[in-house]
Structure formats: structure tokens, C-alpha cells
$ cat coords.cif   # mmCIF, C-alpha atoms
data_upload
loop_
_atom_site.label_atom_id
_atom_site.label_comp_id
_atom_site.auth_asym_id
_atom_site.auth_seq_id
_atom_site.Cartn_x
_atom_site.Cartn_y
_atom_site.Cartn_z
CA MET J 1 -59.44 -15.92 27.01
CA ALA J 2 -59.43 -18.76 24.48
CA LEU J 3 -56.51 -18.74 22.08
CA ALA J 4 -58.90 -18.60 19.12
CA GLY J 5 -60.51 -15.45 20.53
CA GLN J 6 -57.13 -13.82 21.16
CA ALA J 7 -56.03 -14.63 17.61
CA LEU J 8 -59.14 -12.90 16.27
CA LEU J 9 -58.47 -9.83 18.38
CA ASP J 10 -54.84 -9.74 17.25
CA ALA J 11 -56.03 -9.95 13.65
CA GLN J 12 -58.49 -7.13 14.27
CA LEU J 13 -55.68 -5.02 15.73
CA ASP J 14 -53.60 -5.60 12.59
CA LEU J 15 -56.61 -4.68 10.47
CA TRP J 16 -57.22 -1.49 12.45
CA GLN J 17 -53.57 -0.48 12.17
CA ASN J 18 -53.94 -0.58 8.40
CA ILE J 19 -57.37 1.08 8.38
CA PHE J 20 -56.28 3.99 10.55
CA ALA J 21 -52.77 4.45 9.12
CA TYR J 22 -54.00 7.57 7.32
CA VAL J 23 -54.75 9.19 10.71
CA LYS J 24 -51.01 9.22 11.45
CA SER J 25 -50.42 11.02 8.15
CA MET J 26 -53.09 13.61 8.96
CA ALA J 27 -51.66 14.10 12.45
CA LEU J 28 -48.26 14.77 10.90
CA LYS J 29 -49.83 17.19 8.43
CA SER J 30 -51.52 19.00 11.33
CA ALA J 31 -48.20 19.24 13.17
CA ILE J 32 -46.77 21.00 10.12
CA ASP J 33 -49.82 23.25 9.71
CA LEU J 34 -49.57 24.24 13.40
CA ARG J 35 -45.75 24.61 13.18
CA ILE J 36 -45.30 22.52 16.31
CA ALA J 37 -41.70 21.50 15.59
CA GLU J 38 -40.78 25.15 15.04
CA THR J 39 -42.38 26.06 18.37
CA ILE J 40 -40.41 23.38 20.21
CA GLN J 41 -37.19 24.60 18.59
CA HIS J 42 -38.12 28.22 19.38
CA HIS J 43 -38.40 27.32 23.07
CA GLY J 44 -34.93 25.84 23.21
CA GLY J 45 -35.83 22.29 22.25
CA GLY J 46 -38.69 21.76 24.70
CA ALA J 47 -42.19 23.27 24.76
CA THR J 48 -45.25 22.83 26.95
CA LEU J 49 -48.76 22.33 25.62
CA ALA J 50 -49.63 25.93 26.52
CA GLN J 51 -46.64 27.25 24.58
CA ILE J 52 -47.56 25.13 21.54
CA ALA J 53 -51.18 26.27 21.76
CA THR J 54 -50.23 29.94 22.05
CA ARG J 55 -47.92 29.96 19.02
CA ALA J 56 -50.38 27.87 16.96
CA MET J 57 -53.27 30.18 17.96
CA VAL J 58 -55.32 27.28 19.32
CA PRO J 59 -58.23 28.67 21.40
CA PRO J 60 -58.43 27.58 25.06
CA ALA J 61 -61.48 25.38 24.46
CA LYS J 62 -59.50 23.34 21.90
CA ILE J 63 -56.40 22.77 24.07
CA PRO J 64 -57.68 19.36 25.25
CA CYS J 65 -58.01 18.38 21.57
CA LEU J 66 -54.48 19.62 20.92
CA SER J 67 -53.34 17.44 23.82
CA ARG J 68 -54.90 14.42 22.12
CA LEU J 69 -53.08 15.30 18.88
CA MET J 70 -49.79 15.53 20.79
CA ARG J 71 -50.49 12.14 22.39
CA VAL J 72 -50.73 10.58 18.91
CA LEU J 73 -47.64 12.42 17.67
CA THR J 74 -45.61 11.14 20.63
CA ALA J 75 -46.99 7.60 20.32
CA THR J 76 -45.91 7.54 16.65
CA GLY J 77 -42.43 8.91 17.32
CA VAL J 78 -42.81 12.37 15.81
CA PHE J 79 -42.15 14.02 19.19
CA ASN J 80 -41.00 12.94 22.64
CA ALA J 81 -42.82 13.76 25.87
CA GLN J 82 -41.09 13.94 29.24
CA GLN J 83 -41.87 15.24 32.69
CA ALA J 84 -41.69 19.01 32.83
CA PRO J 85 -38.78 20.28 34.99
CA PRO J 86 -39.29 22.30 38.18
CA GLY J 87 -40.39 25.85 37.52
CA ILE J 88 -42.97 24.91 34.92
CA SER J 89 -46.60 25.51 35.93
CA SER J 90 -47.95 22.61 37.96
CA CYS J 91 -50.75 22.06 35.44
CA GLU J 92 -48.14 21.53 32.71
CA GLN J 93 -46.94 18.01 33.40
CA LEU J 94 -45.29 17.32 30.03
CA LEU J 95 -42.53 18.93 28.02
CA TYR J 96 -42.50 18.04 24.32
CA THR J 97 -39.15 17.66 22.57
CA LEU J 98 -37.94 16.84 19.07
CA THR J 99 -37.02 13.37 17.84
CA PRO J 100 -34.74 12.56 14.89
CA MET J 101 -37.90 12.45 12.74
CA SER J 102 -39.22 15.88 13.76
CA ARG J 103 -35.76 17.43 13.49
CA LEU J 104 -36.33 16.93 9.76
CA LEU J 105 -39.16 19.47 10.04
CA VAL J 106 -36.92 22.37 11.11
CA GLY J 107 -33.62 23.87 10.00
CA SER J 108 -32.04 24.60 6.65
CA ARG J 109 -32.56 21.10 5.24
CA ASN J 110 -36.06 20.60 6.58
CA GLN J 111 -38.47 18.27 4.82
CA VAL J 112 -41.63 20.31 5.35
CA PRO J 113 -42.00 21.19 1.62
CA ILE J 114 -41.92 17.60 0.37
CA THR J 115 -44.06 16.36 3.28
CA THR J 116 -46.61 19.06 2.50
CA MET J 117 -46.55 18.12 -1.18
CA LEU J 118 -46.98 14.39 -0.57
CA LEU J 119 -49.85 14.98 1.86
CA GLN J 120 -51.59 17.53 -0.36
CA SER J 121 -55.21 16.59 -1.03
CA THR J 122 -54.80 16.53 -4.82
CA LEU J 123 -52.19 13.77 -4.54
CA VAL J 124 -53.73 11.86 -1.64
CA SER J 125 -57.21 11.74 -3.16
CA SER J 126 -55.80 10.20 -6.37
CA LEU J 127 -55.31 6.92 -4.50
CA PHE J 128 -59.08 6.68 -3.99
CA GLU J 129 -59.17 5.71 -7.67
CA LEU J 130 -56.91 2.65 -7.23
CA GLY J 131 -59.58 -0.05 -7.27
CA GLY J 132 -61.42 1.37 -10.27
CA TRP J 133 -58.19 2.12 -12.11
CA LEU J 134 -57.06 -1.50 -11.79
CA ARG J 135 -60.25 -2.66 -13.56
CA ARG J 136 -59.59 -0.50 -16.61
CA GLU J 137 -57.93 -1.83 -19.74
CA LEU J 138 -54.66 -0.43 -21.01
CA PRO J 139 -54.02 2.25 -22.08
CA GLU J 140 -55.86 4.26 -19.48
CA PRO J 141 -55.61 7.59 -17.68
CA CYS J 142 -53.51 7.46 -14.53
CA MET J 143 -55.20 7.73 -11.15
CA PHE J 144 -54.20 11.38 -10.85
CA GLN J 145 -55.84 12.17 -14.18
CA LEU J 146 -58.98 10.21 -13.31
CA ARG J 147 -59.32 12.26 -10.14
CA ASN J 148 -58.24 15.67 -11.48
CA ASP J 149 -59.09 15.52 -15.21
CA ARG J 150 -55.47 16.16 -16.18
CA THR J 151 -52.04 14.71 -15.54
CA LEU J 152 -49.77 15.95 -12.79
CA TRP J 153 -47.48 17.49 -15.41
CA GLU J 154 -50.40 19.30 -17.08
CA LEU J 155 -51.56 20.67 -13.73
CA ALA J 156 -48.03 21.87 -12.90
CA ASP J 157 -47.86 23.58 -16.30
CA SER J 158 -51.17 25.41 -15.83
CA ASP J 159 -51.33 26.08 -12.07
CA PRO J 160 -48.47 28.22 -10.71
CA ALA J 161 -49.33 27.42 -7.08
CA PHE J 162 -49.23 23.65 -7.68
CA ASN J 163 -46.06 24.03 -9.76
CA ALA J 164 -44.40 25.86 -6.85
CA LEU J 165 -45.63 23.26 -4.36
CA PHE J 166 -44.21 20.45 -6.50
CA ASN J 167 -40.84 22.06 -7.24
CA ASN J 168 -40.32 23.25 -3.66
CA GLY J 169 -41.12 19.76 -2.42
CA MET J 170 -38.71 18.07 -4.79
CA ASN J 171 -36.03 20.64 -4.01
CA SER J 172 -36.25 20.02 -0.25
CA ASP J 173 -35.69 16.30 -0.78
CA THR J 174 -32.84 17.03 -3.18
CA GLU J 175 -31.04 19.33 -0.73
CA LEU J 176 -31.13 16.67 1.99
CA ILE J 177 -30.09 13.72 -0.14
CA MET J 178 -27.45 15.60 -2.15
CA ASP J 179 -25.67 16.76 1.02
CA ILE J 180 -25.12 13.08 1.76
CA VAL J 181 -24.25 12.14 -1.83
CA VAL J 182 -21.59 14.81 -2.43
CA ASN J 183 -20.06 14.59 1.07
CA GLU J 184 -20.00 10.81 1.49
CA PHE J 185 -20.15 9.38 -2.04
CA GLY J 186 -18.68 12.20 -4.12
CA GLU J 187 -16.39 9.80 -5.98
CA VAL J 188 -19.25 9.02 -8.37
CA PHE J 189 -18.64 12.45 -9.94
CA HIS J 190 -14.89 12.03 -10.36
CA GLY J 191 -13.59 12.15 -13.91
CA ALA J 192 -16.39 14.31 -15.30
CA ASP J 193 -15.90 17.85 -16.59
CA SER J 194 -19.53 18.58 -17.48
CA LEU J 195 -22.88 17.35 -16.18
CA ILE J 196 -26.51 17.64 -17.26
CA ASP J 197 -29.10 17.27 -14.50
CA VAL J 198 -32.05 15.92 -16.49
CA ALA J 199 -35.47 17.04 -15.21
CA GLY J 200 -33.61 18.64 -12.32
CA GLY J 201 -36.26 21.16 -11.30
CA HIS J 202 -34.78 24.37 -9.96
CA GLY J 203 -31.31 22.85 -9.82
CA GLY J 204 -30.98 21.74 -6.21
CA ALA J 205 -28.82 18.76 -7.18
CA ALA J 206 -26.76 20.72 -9.70
CA HIS J 207 -26.05 23.45 -7.14
CA ALA J 208 -24.89 20.89 -4.57
CA ILE J 209 -22.66 19.19 -7.14
CA VAL J 210 -21.05 22.37 -8.47
CA LYS J 211 -20.46 23.63 -4.92
CA ALA J 212 -18.59 20.43 -4.07
CA PHE J 213 -16.85 20.19 -7.47
CA PRO J 214 -16.35 23.76 -8.81
CA HIS J 215 -14.54 22.51 -11.92
CA LEU J 216 -17.72 20.80 -13.15
CA LYS J 217 -19.81 22.70 -15.66
CA CYS J 218 -23.35 21.90 -14.50
CA SER J 219 -26.55 22.49 -16.42
CA VAL J 220 -30.20 21.62 -15.77
CA LEU J 221 -32.50 20.39 -18.53
CA GLU J 222 -36.12 21.20 -17.69
CA LEU J 223 -39.43 22.14 -19.25
CA GLY J 224 -39.96 25.78 -20.10
CA HIS J 225 -42.39 26.62 -17.28
CA VAL J 226 -39.88 25.27 -14.74
CA VAL J 227 -36.91 27.11 -16.24
CA ALA J 228 -38.96 30.33 -16.23
CA ASP J 229 -39.04 30.24 -12.42
CA ALA J 230 -35.44 29.03 -11.93
CA PRO J 231 -32.90 31.25 -10.12
CA ASN J 232 -30.74 33.38 -12.38
CA ASP J 233 -28.01 34.37 -9.91
CA THR J 234 -26.14 31.09 -10.12
CA SER J 235 -23.30 29.36 -11.93
CA VAL J 236 -25.71 26.59 -12.97
CA HIS J 237 -26.98 26.94 -16.53
CA TYR J 238 -30.65 26.23 -17.29
CA ILE J 239 -31.73 24.73 -20.60
CA ALA J 240 -35.40 24.66 -21.64
CA GLY J 241 -36.10 21.38 -23.38
CA ASP J 242 -37.73 17.96 -23.33
CA MET J 243 -35.82 14.83 -22.29
CA PHE J 244 -38.07 12.79 -24.59
CA GLU J 245 -36.73 14.70 -27.58
CA THR J 246 -33.06 15.32 -26.86
CA VAL J 247 -30.52 15.65 -24.04
CA PRO J 248 -27.64 18.14 -24.43
CA PRO J 249 -24.12 16.64 -24.57
CA ALA J 250 -22.05 16.24 -21.39
CA SER J 251 -19.55 13.78 -19.96
CA MET J 252 -22.07 12.79 -17.27
CA ILE J 253 -25.87 12.71 -17.09
CA PHE J 254 -27.59 12.87 -13.70
CA LEU J 255 -31.17 11.70 -13.04
CA LYS J 256 -32.59 11.93 -9.54
CA TRP J 257 -36.05 10.50 -8.94
CA VAL J 258 -36.97 10.85 -12.62
CA LEU J 259 -37.23 7.41 -14.19
CA HIS J 260 -39.63 6.06 -11.56
CA ASP J 261 -42.23 8.48 -12.95
CA TRP J 262 -42.34 6.60 -16.26
CA GLY J 263 -43.04 3.17 -17.71
CA ASP J 264 -40.39 1.06 -19.43
CA GLU J 265 -41.07 2.36 -22.94
CA GLU J 266 -40.71 5.99 -21.88
CA CYS J 267 -37.63 5.21 -19.77
CA VAL J 268 -35.88 3.48 -22.68
CA LYS J 269 -36.53 6.56 -24.81
CA ILE J 270 -35.07 8.86 -22.14
CA LEU J 271 -32.08 6.55 -21.62
CA LYS J 272 -31.35 6.35 -25.35
CA ASN J 273 -31.27 10.15 -25.50
CA CYS J 274 -28.92 10.16 -22.49
CA LYS J 275 -26.65 7.61 -24.17
CA LYS J 276 -26.40 9.80 -27.27
CA ALA J 277 -25.36 12.73 -25.08
CA ILE J 278 -22.36 11.11 -23.35
CA PRO J 279 -18.97 9.89 -24.63
CA PRO J 280 -17.90 6.21 -24.48
CA ARG J 281 -17.02 4.67 -21.13
CA ASP J 282 -13.27 4.81 -21.79
CA GLU J 283 -13.64 8.58 -22.23
CA GLY J 284 -15.48 8.96 -18.91
CA GLY J 285 -19.08 8.80 -20.08
CA LYS J 286 -21.71 7.53 -17.64
CA LEU J 287 -25.14 8.09 -16.11
CA VAL J 288 -25.66 8.58 -12.38
CA ILE J 289 -29.19 7.72 -11.22
CA ILE J 290 -30.68 8.12 -7.76
CA ASP J 291 -33.77 5.99 -7.37
CA ILE J 292 -35.24 3.03 -5.52
CA VAL J 293 -33.99 -0.46 -6.35
CA ILE J 294 -36.52 -2.78 -4.74
CA GLY J 295 -34.75 -5.45 -2.70
CA ALA J 296 -31.39 -3.66 -2.65
CA GLY J 297 -29.71 -2.78 0.62
CA GLN J 298 -30.43 -3.96 4.14
CA SER J 299 -33.27 -6.43 4.52
CA GLU J 300 -34.96 -4.86 7.55
CA LYS J 301 -38.77 -4.89 7.39
CA LYS J 302 -39.24 -1.11 7.59
CA ARG J 303 -36.95 -0.47 4.60
CA ARG J 304 -38.49 -3.22 2.46
CA GLU J 305 -42.02 -2.12 3.33
CA MET J 306 -41.26 1.49 2.41
CA GLN J 307 -39.85 0.44 -0.97
CA VAL J 308 -42.97 -1.50 -1.96
CA VAL J 309 -45.36 1.06 -0.45
CA PHE J 310 -43.69 3.80 -2.48
CA ASP J 311 -43.97 1.60 -5.57
CA LEU J 312 -47.73 1.39 -5.05
CA PHE J 313 -47.91 5.13 -4.37
CA ILE J 314 -46.08 6.11 -7.56
CA MET J 315 -48.68 4.21 -9.58
CA PHE J 316 -50.90 7.28 -9.13
CA ILE J 317 -49.06 8.79 -12.12
CA ASN J 318 -48.45 5.42 -13.83
CA GLY J 319 -44.92 5.36 -12.44
CA THR J 320 -43.07 2.31 -11.13
CA GLU J 321 -40.23 1.39 -8.81
CA ARG J 322 -37.98 -1.38 -10.13
CA ASP J 323 -35.91 -4.27 -8.82
CA GLU J 324 -32.43 -4.93 -10.21
CA ASN J 325 -33.62 -7.15 -13.05
CA GLN J 326 -36.16 -4.56 -14.15
CA TRP J 327 -33.51 -1.83 -14.12
CA LYS J 328 -31.11 -4.07 -16.03
CA LYS J 329 -33.77 -4.70 -18.69
CA ILE J 330 -34.30 -1.03 -19.54
CA PHE J 331 -30.56 -0.24 -19.36
CA PHE J 332 -29.69 -2.93 -21.86
CA GLU J 333 -32.66 -2.13 -24.11
CA ALA J 334 -31.37 1.45 -24.28
CA GLY J 335 -27.95 0.22 -25.41
CA PHE J 336 -25.96 0.43 -22.18
CA HIS J 337 -23.54 -2.37 -21.34
CA ASP J 338 -22.85 -2.23 -17.60
CA TYR J 339 -24.14 -0.79 -14.35
CA LYS J 340 -23.32 -0.65 -10.64
CA ILE J 341 -25.88 -0.37 -7.82
CA THR J 342 -24.79 1.10 -4.48
CA PRO J 343 -27.67 0.91 -1.94
CA VAL J 344 -26.52 3.59 0.50
CA LEU J 345 -29.31 6.22 0.53
CA GLY J 346 -31.92 4.74 2.84
CA VAL J 347 -34.56 3.17 0.61
CA ARG J 348 -32.82 4.57 -2.48
CA SER J 349 -29.62 3.66 -4.30
CA ILE J 350 -26.93 5.30 -6.41
CA ILE J 351 -26.88 3.61 -9.81
CA GLU J 352 -23.98 4.16 -12.19
CA VAL J 353 -24.72 3.16 -15.78
CA TYR J 354 -22.05 2.81 -18.46
CA PRO J 355 -22.26 2.85 -22.28
#
$ encode --input "coords.cif" --output "C-alpha cells"
Amino acid sequence: MALAGQALLDAQLDLWQNIFAYVKSMALKSAIDLRIAETIQHHGGGATLAQIATRAMVPPAKIPCLSRLMRVLTATGVFNAQQAPPGISSCEQLLYTLTPMSRLLVGSRNQVPITTMLLQSTLVSSLFELGGWLRRELPEPCMFQLRNDRTLWELADSDPAFNALFNNGMNSDTELIMDIVVNEFGEVFHGADSLIDVAGGHGGAAHAIVKAFPHLKCSVLELGHVVADAPNDTSVHYIAGDMFETVPPASMIFLKWVLHDWGDEECVKILKNCKKAIPPRDEGGKLVIIDIVIGAGQSEKKRREMQVVFDLFIMFINGTERDENQWKKIFFEAGFHDYKITPVLGVRSIIEVYP
């Protein structure tokens, strides 16, 4: 084949990989809906197609289709497939096992809730508005509002099922990431005697922190409809309030995956309220932020691509991911004088900000 023809075919392959990327997401969603990872774990870490079909209640006529789904899920690294050992029915040639990725779909720190939330049709369909949204003048409704006639926060306030989906999703991510933060980077909390987890949902981060550091008095600041559903059998205190109005005083303020939801003007307002709530640096006052810093950390392609892809995704609510200079800008505009970025949480970083 002529080199020019091969180059065209290679380009078409790249194009198709982008066109059909959503199929991988839907295959993953189907794996969760069918509880395939749970079935594999239930069968001791390896399950045949028949076992998966039985537990997922797939009718016999659809088993060939299920096999095609499993072929995609193994090709994309969600599951492994290996030759079935002796003793398995001769028609069952493959045994499906978990990979590091699918192990995140089972167990006490599983990521099914946040995966389900991020692949929920209300969120996914918002991105269909991207082209039209870009043509609109500022100020404009966000993509989510264009698609759903209200903001994400308004929907969460009015729809208990969506509110539960959102908070459960955020909590599952928090439980995973906070295990790593408190066990491997717990020194960021040293020197504090009280902490406010701003917009902390049902308190997943605060619970992890107070478990690791029992001397810390931890509270969660959240909107009223979130506090109403928060657990009450806990040492974490819940405060109904609005971070845009005021933040209760504490020696440390914690913000996980909060500021990326907002533009610079809103972030500066939140940060100014946080600054008012903490003592000076020489008395131990600081902010701890967990968020993406674009360009921070290892320079491998997968990590960089995920950072910028997530930045485009978060535009669906008019949010933004920031590089170091963009973070520095809002910190200094809010009156802070120093910061430290530690890129140790995959695509995210721990940011310590000092008054």
C-alpha cells in the first residue's frame, strides 16, 4: 500500500477512536448495571460468561451479545480474559477476572457511585450543548441549564433522587482519595485544632480526617437540603449555610473539588470568606485544597490528557480547572500571600494556601 494511503487510514483510525470513545463509556456503564465486577468477585475472582449471564439475568438468546460486550471490556482493560482451567465446561473457553481498574468497582471504597453519577444521562447529555453554548455571549446559562432548564444545584435542591445520586457519587470519590491523603500525606493537617470542610457534602472527608486525627474538631458547611440528609450519629458537626455569604471560624479550612465548580469571581468571594475565618499564618491558619492543577505532576500523556479533558467536562456547569498561574491569581486576589502545590493525587494536587 502507498504510504499516502496508509497515512489516510491511520488518520481515519485516530478519528474513529475519538468518534467511538463514548462506546467505551457506555460499555463501562453496562458493566455496572449488570454488576459484572461483583459477579467475578462472587465467584472467587474469576467468572465464566455463563456465570455472568446468570447473575445478570441475561436471557440465553442475548448471551452472544454479552460476549461481545465482554470482548470490549477486556480490550479496554476493564477486565482480563484468560483460558478457563480444567473442570470448566468445554464450551466455556474464557474466565474473566478483575483488573486494577475493575477492582475499583467492588469493595468498601468502590467507585460505582461516582461512575454512575458521571455517566448519568442528565450530565452526559449536557455536553451536546457545547457547540451552541460556545456561540452565546456572556453571561449565559451553563450547558447543564440549557439542557435541563435549571442549574445542577437547583436540580439537586428540588429532586431528592438526583441529590442522592450526586452526594453518593461525591462521597465515594472522597472516601477513596481521603484514605490516601490522611494515611500518606496527613502532615498537612498538623498544627490545626479545628477544621471546616466547606461544601463537604455528607462529610466523607471530615469523617476521614477526624478518624485519623481525633483531636481535631471537624465541621461541615453545606446547604440546608444537604445537611438535612446528613448522618446524625457522628462526631462531625454539620452547619447549614452558604459559603458565598460566610464561613464559620476554624484554624483550617478544607475544600475538596469545590473551587473548580466556579469562575474566578465566585472563587475569590469564597476564598475571601475562608480567609476571614482562619487565624494568621503564624498562628496556624491555612487552607487545604484538593483539586486539579493543570500541568502539575508527572508529564505522562494519560495524566495530562485527563486533566484537560476534565477541564472541558467541568465547563458543563461553567466550572474550570486551573494551572498554577491561574490558581495563584485567585489566591492573591483574595488576599492570601503564599501557597504550596503538592501533585501527589493522580491528576489532582494538594494545595496549601497561607494568609
$ residues_near_point --input "coords.cif" --point "(-37.0, 19.4, -13.4)" --cutoff "7 Å" --atoms "all atoms listed in the file" --output "MDAnalysis selection string"
chainID J and resid 198:202 221:223 226
$ closest_residue --input "coords.cif" --among "J:Phe244, J:Tyr339, J:Trp133, J:Phe189" --to "Glu265 in chain J" --atoms "all atoms listed in the file"
J:Phe244
$ closest_residue --input "coords.cif" --among "J:Thr320, J:Ser108, J:Gln326, J:Ser194" --to "His260 in chain J" --atoms "all atoms listed in the file"
J:Thr320
$ closest_residue --input "coords.cif" --among "J:Asp159, J:Asp179, J:Glu321, J:Glu305" --to "His225 in chain J" --atoms "all atoms listed in the file"
J:Asp159
$ atom_distance --input "coords.cif" --atom1 "CA of Ile341 in chain J" --atom2 "CA of Ala192 in chain J"
19.0 Å
$ residues_around --input "coords.cif" --residues "Pro343 in chain J" --least-positions-apart "5" --cutoff "7 Å" --atoms "only C-alpha atoms" --output "PyMOL selection string"
chain J and resi 296-297+348-350
$ atom_distance --input "coords.cif" --atom1 "CA of Gly186 in chain J" --atom2 "CA of Arg103 in chain J"
25.1 Å
$ resolve_selection --input "coords.cif" --expression "the PyMOL selection byres ((chain J and resi 94) around 7)" --output "number ranges by chain"
J: 48, 81-84, 92-93, 95-96
$ closest_atom_pairs --input "coords.cif" --of "range 93-202 of chain J" --to "range 3-27 of chain J" --cutoff "10 Å" --atoms "all atoms listed in the file" --output "CSV"
residue,atom,partner,partner_atom,distance
J:Thr115,CA,J:Ser25,CA,9.6
J:Leu118,CA,J:Ser25,CA,10.0
J:Leu119,CA,J:Ser25,CA,7.5
J:Val124,CA,J:Tyr22,CA,9.9
$ closest_residue --input "coords.cif" --among "J:Gly319, J:Lys272, J:Asp173, J:Val309" --to "Gly335 in chain J" --atoms "all atoms listed in the file"
J:Lys272
$ closest_residue --input "coords.cif" --among "J:Pro85, J:Val288, J:Leu73, J:Leu271" --to "Thr99 in chain J" --atoms "all atoms listed in the file"
J:Leu73
$ atom_distance --input "coords.cif" --atom1 "CA of Thr122 in chain J" --atom2 "CA of Met315 in chain J"
14.6 Å
$ resolve_selection --input "coords.cif" --expression "the PyMOL selection byres ((chain J and resi 245-256) around 7)" --output "MDAnalysis selection string"
chainID J and resid 192:198 242:244 257:258 273:274 277:279 284:291
$ closest_residue --input "coords.cif" --among "J:Gln120, J:Ile180, J:Arg147, J:Asp264" --to "Phe162 in chain J" --atoms "only C-alpha atoms"
J:Gln120
$ resolve_selection --input "coords.cif" --expression "the PyMOL selection byres ((chain J and resi 29-33) around 12)" --output "JSON, numbers by chain"
{"J": [22, 23, 24, 25, 26, 27, 28, 34, 35, 36, 37, 38, 39, 40, 52, 53, 55, 56, 57, 58, 66, 67, 69, 70, 71, 72, 73, 74, 78, 79, 102, 104, 105, 106, 110, 111, 112, 113, 114, 115, 116, 117, 118, 119, 120, 121]}
$ write_last_selection --input "coords.cif" --atoms "C-alpha atoms" --output "compact mmCIF listing (two decimals), keeping the file's coordinate frame"
# COMPACT_ATOMS: atom_id res chain seq x y z
CA TYR J 22 -54.00 7.57 7.32
CA VAL J 23 -54.75 9.19 10.71
CA LYS J 24 -51.01 9.22 11.45
CA SER J 25 -50.42 11.02 8.15
CA MET J 26 -53.09 13.61 8.96
CA ALA J 27 -51.66 14.10 12.45
CA LEU J 28 -48.26 14.77 10.90
CA LEU J 34 -49.57 24.24 13.40
CA ARG J 35 -45.75 24.61 13.18
CA ILE J 36 -45.30 22.52 16.31
CA ALA J 37 -41.70 21.50 15.59
CA GLU J 38 -40.78 25.15 15.04
CA THR J 39 -42.38 26.06 18.37
CA ILE J 40 -40.41 23.38 20.21
CA ILE J 52 -47.56 25.13 21.54
CA ALA J 53 -51.18 26.27 21.76
CA ARG J 55 -47.92 29.96 19.02
CA ALA J 56 -50.38 27.87 16.96
CA MET J 57 -53.27 30.18 17.96
CA VAL J 58 -55.32 27.28 19.32
CA LEU J 66 -54.48 19.62 20.92
CA SER J 67 -53.34 17.44 23.82
CA LEU J 69 -53.08 15.30 18.88
CA MET J 70 -49.79 15.53 20.79
CA ARG J 71 -50.49 12.14 22.39
CA VAL J 72 -50.73 10.58 18.91
CA LEU J 73 -47.64 12.42 17.67
CA THR J 74 -45.61 11.14 20.63
CA VAL J 78 -42.81 12.37 15.81
CA PHE J 79 -42.15 14.02 19.19
CA SER J 102 -39.22 15.88 13.76
CA LEU J 104 -36.33 16.93 9.76
CA LEU J 105 -39.16 19.47 10.04
CA VAL J 106 -36.92 22.37 11.11
CA ASN J 110 -36.06 20.60 6.58
CA GLN J 111 -38.47 18.27 4.82
CA VAL J 112 -41.63 20.31 5.35
CA PRO J 113 -42.00 21.19 1.62
CA ILE J 114 -41.92 17.60 0.37
CA THR J 115 -44.06 16.36 3.28
CA THR J 116 -46.61 19.06 2.50
CA MET J 117 -46.55 18.12 -1.18
CA LEU J 118 -46.98 14.39 -0.57
CA LEU J 119 -49.85 14.98 1.86
CA GLN J 120 -51.59 17.53 -0.36
CA SER J 121 -55.21 16.59 -1.03
$ residues_around --input "coords.cif" --residues "Leu152 in chain J" --least-positions-apart "2" --cutoff "12 Å" --atoms "only C-alpha atoms" --output "ChimeraX atom specification"
/J:122-123,126,141-150,154-159,162-163,165-166,261,314,316-319
$ residues_around --input "coords.cif" --residues "Thr174 in chain J" --least-positions-apart "4" --cutoff "6 Å" --atoms "all atoms listed in the file" --output "PyMOL selection string"
chain J and resi 178+204-205
$ decode --input "coords.cif" --residues "range 262-306 of chain J" --atoms "C-alpha atoms" --output "PDB file, in the first residue's frame"
ATOM      1  CA  TRP J 262     -16.892  28.170  39.914  1.00  0.00           C
ATOM      2  CA  GLY J 263     -15.412  31.007  37.879  1.00  0.00           C
ATOM      3  CA  ASP J 264     -12.713  33.326  39.193  1.00  0.00           C
ATOM      4  CA  GLU J 265     -15.085  35.951  40.579  1.00  0.00           C
ATOM      5  CA  GLU J 266     -17.042  33.397  42.609  1.00  0.00           C
ATOM      6  CA  CYS J 267     -13.844  31.676  43.776  1.00  0.00           C
ATOM      7  CA  VAL J 268     -12.348  34.943  45.028  1.00  0.00           C
ATOM      8  CA  LYS J 269     -15.520  35.560  47.024  1.00  0.00           C
ATOM      9  CA  ILE J 270     -15.359  32.077  48.577  1.00  0.00           C
ATOM     10  CA  LEU J 271     -11.635  32.450  49.300  1.00  0.00           C
ATOM     11  CA  LYS J 272     -12.106  35.852  50.940  1.00  0.00           C
ATOM     12  CA  ASN J 273     -14.716  34.326  53.252  1.00  0.00           C
ATOM     13  CA  CYS J 274     -12.288  31.494  54.036  1.00  0.00           C
ATOM     14  CA  LYS J 275      -9.515  33.992  54.799  1.00  0.00           C
ATOM     15  CA  LYS J 276     -11.767  35.808  57.264  1.00  0.00           C
ATOM     16  CA  ALA J 277     -12.452  32.515  59.029  1.00  0.00           C
ATOM     17  CA  ILE J 278      -8.843  31.493  59.773  1.00  0.00           C
ATOM     18  CA  PRO J 279      -6.132  32.991  62.006  1.00  0.00           C
ATOM     19  CA  PRO J 280      -2.843  34.400  60.634  1.00  0.00           C
ATOM     20  CA  ARG J 281      -0.219  32.011  59.299  1.00  0.00           C
ATOM     21  CA  ASP J 282       1.979  32.335  62.400  1.00  0.00           C
ATOM     22  CA  GLU J 283      -0.994  31.117  64.450  1.00  0.00           C
ATOM     23  CA  GLY J 284      -1.504  28.070  62.213  1.00  0.00           C
ATOM     24  CA  GLY J 285      -4.120  29.384  59.817  1.00  0.00           C
ATOM     25  CA  LYS J 286      -4.267  27.881  56.323  1.00  0.00           C
ATOM     26  CA  LEU J 287      -6.478  26.452  53.581  1.00  0.00           C
ATOM     27  CA  VAL J 288      -6.070  22.919  52.261  1.00  0.00           C
ATOM     28  CA  ILE J 289      -7.474  22.442  48.755  1.00  0.00           C
ATOM     29  CA  ILE J 290      -7.720  19.234  46.748  1.00  0.00           C
ATOM     30  CA  ASP J 291      -8.185  19.984  43.074  1.00  0.00           C
ATOM     31  CA  ILE J 292      -6.575  19.688  39.653  1.00  0.00           C
ATOM     32  CA  VAL J 293      -3.582  21.879  38.842  1.00  0.00           C
ATOM     33  CA  ILE J 294      -3.186  21.579  35.077  1.00  0.00           C
ATOM     34  CA  GLY J 295       0.418  20.813  34.192  1.00  0.00           C
ATOM     35  CA  ALA J 296       1.430  19.809  37.724  1.00  0.00           C
ATOM     36  CA  GLY J 297       2.894  16.386  38.422  1.00  0.00           C
ATOM     37  CA  GLN J 298       4.262  13.778  36.056  1.00  0.00           C
ATOM     38  CA  SER J 299       4.196  14.669  32.381  1.00  0.00           C
ATOM     39  CA  GLU J 300       2.880  11.347  31.038  1.00  0.00           C
ATOM     40  CA  LYS J 301       0.336  11.718  28.226  1.00  0.00           C
ATOM     41  CA  LYS J 302      -2.524   9.921  30.003  1.00  0.00           C
ATOM     42  CA  ARG J 303      -2.325  12.199  33.054  1.00  0.00           C
ATOM     43  CA  ARG J 304      -2.081  15.403  31.008  1.00  0.00           C
ATOM     44  CA  GLU J 305      -4.917  14.341  28.730  1.00  0.00           C
ATOM     45  CA  MET J 306      -7.176  13.555  31.693  1.00  0.00           C
TER      46      MET J 306
END
